[in-house]
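Engineer: This structure is in structure tokens; I'll ask about it shortly.
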Amino acid sequence: MISTASNAAETVATSTRERILAEALSLFAESGYGGASMRELARRVGVRESSLYNHFPGKAAILEAIVSEHGPASSASRLEQPRYRQLREQPAAFCRQFALDLVDQWSDPREHQFQKVITAERNRVPGIRAKFADQFYAREQRLMTDYFRGFTLAGLVRTPDPRETARLFAAGLIYIRLEHYVMGAQSSPRDKVMEAIERFLGFFFSLIAISDVAEPTNTKKRKAKGEARGKATPD
């Protein structure tokens, strides 16, 4: 009974924390970090202002939590998931999965709010710029480099520098984001974005000498067998 009550309390606390972060992200995007008040945030969440402090010591901690769970942080967390780890010997599948997940992230309205907030506040809130740029971009780049180093050591890709290859891959995707989600008056349709993604992936794969779609093993076997049958018999 005690365990059940404890679990229920934890669920409520998690739910409240998630609502606080979601509403804070929206409020910071609308009013700016400096213009957002804890009173207004509490009103939006539907709790007393004092209740906010049961989850966060202050507004700066809320912004820090938002930074820790969006943008490069969420991308880096994906790279540590089992579904990515199982692609350690499939560079083409890895690159395509990473690109598809980014498109989903870019299409999320919360991501648009986050980019607006971080662009405005990263130079005004102490510690946020360092936390965002250094810790999270460095973490994402390190993980991406580790994948490409593994591909290279296994002979699955051809590159003299896995780190620069990882950076080139990320840079191409960033440019697609700028072109289709940031610079235009409105975001491009998904099919147009996917067309750009596929064009870039094909080009990138050619640079590091990997096939987009691997030839099935049984096809290779049939081909080899056919070649053997057609080989001239010795005199």
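Scheme for the structure tokens: letters A, B, ... for chains in order shown; per-chain residue numbers from 1; ligand numbers from 1 in order shown.
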Fewer than 6 positions away in the same chain doesn't count, so skip those; otherwise give me all residues within 12 Å of A:Ser51, counting only C-alpha atoms, as a JSON list (two decimals) with N, CA and C atoms, in the first residue's frame.

Structural biologist:
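Saved file selection25.json follows:
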```json
[["chain", "number", "residue", "atom", "x", "y", "z"],
["A", 13, "ALA", "N", 4.12, 14.14, -9.28],
["A", 13, "ALA", "CA", 5.24, 15.10, -9.25],
["A", 13, "ALA", "C", 5.87, 15.22, -10.64],
["A", 16, "THR", "N", 3.52, 17.15, -12.93],
["A", 16, "THR", "CA", 3.55, 18.59, -12.63],
["A", 16, "THR", "C", 4.83, 19.22, -13.16],
["A", 17, "ARG", "N", 5.94, 18.54, -12.97],
["A", 17, "ARG", "CA", 7.21, 19.05, -13.48],
["A", 17, "ARG", "C", 7.17, 19.22, -14.99],
["A", 20, "ILE", "N", 5.10, 22.20, -15.88],
["A", 20, "ILE", "CA", 5.83, 23.44, -15.58],
["A", 20, "ILE", "C", 6.80, 23.75, -16.72],
["A", 38, "MET", "N", 7.06, 34.22, -12.34],
["A", 38, "MET", "CA", 6.68, 32.95, -11.72],
["A", 38, "MET", "C", 5.18, 32.93, -11.44],
["A", 39, "ARG", "N", 4.61, 34.09, -11.15],
["A", 39, "ARG", "CA", 3.17, 34.16, -10.88],
["A", 39, "ARG", "C", 2.37, 33.76, -12.12],
["A", 41, "LEU", "N", 3.47, 31.99, -14.63],
["A", 41, "LEU", "CA", 3.75, 30.58, -14.90],
["A", 41, "LEU", "C", 2.86, 29.69, -14.03],
["A", 42, "ALA", "N", 2.75, 30.03, -12.75],
["A", 42, "ALA", "CA", 1.90, 29.24, -11.85],
["A", 42, "ALA", "C", 0.45, 29.26, -12.32],
["A", 43, "ARG", "N", -0.01, 30.42, -12.79],
["A", 43, "ARG", "CA", -1.38, 30.52, -13.28],
["A", 43, "ARG", "C", -1.60, 29.60, -14.47],
["A", 45, "VAL", "N", 0.11, 26.88, -15.26],
["A", 45, "VAL", "CA", 0.21, 25.48, -14.86],
["A", 45, "VAL", "C", -1.01, 25.05, -14.06],
["A", 57, "PRO", "N", 14.10, 25.60, -7.74],
["A", 57, "PRO", "CA", 14.43, 26.67, -6.80],
["A", 57, "PRO", "C", 14.18, 28.07, -7.34],
["A", 58, "GLY", "N", 14.00, 28.19, -8.65],
["A", 58, "GLY", "CA", 13.76, 29.51, -9.21],
["A", 58, "GLY", "C", 13.63, 29.46, -10.72]]
```

Engineer: To test your reading of the structure, identify every residue in stretch 7-207 of chain A that backbone DSSP assigns to alpha helix (DSSP H), and report it as a PyMOL selection string.

Structural biologist: chain A and resi 7-31+38-45+49-52+59-69+72-79+82-85+91-106+109-121+128-129+137-153+162-177+190-207

Engineer: Can you work out the spacing between atom CA of A:Met144 and atom CA of A:Arg199 in Å, to one decimal?

Structural biologist: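 Those two atoms sit 20.8 Å apart.
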
Engineer: What is the distance between atom CA of A:Lys192 and atom CA of A:Ser75, in Å to one decimal?

Structural biologist: 22.4 Å

Engineer: Using only C-alpha atoms, which residue out of A:Ile210, A:Ile174, A:Val103, A:Leu25 lies closest to A:Arg158?

Structural biologist: A:Ile210

Engineer: Any idea what the distance is between atom CA of A:Gln141 and atom CA of A:Arg163?

Structural biologist: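 If I compute the distance from atom CA of A:Gln141 to atom CA of A:Arg163, I get 8.1 Å.
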
Engineer: Restricting the calculation to only C-alpha atoms, which member of A:Glu80, A:Ser68, A:His112, A:Asn54 is positioned closest to A:Gln186?

Structural biologist: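 Nearest to A:Gln186: A:His112.
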
Engineer: Identify which of the residues A:Arg142, A:Val117, A:Leu201, A:Glu64 lies closest to A:Gln97, counting only C-alpha atoms when measuring atom-to-atom distances.

Structural biologist: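 Closest candidate: A:Leu201.
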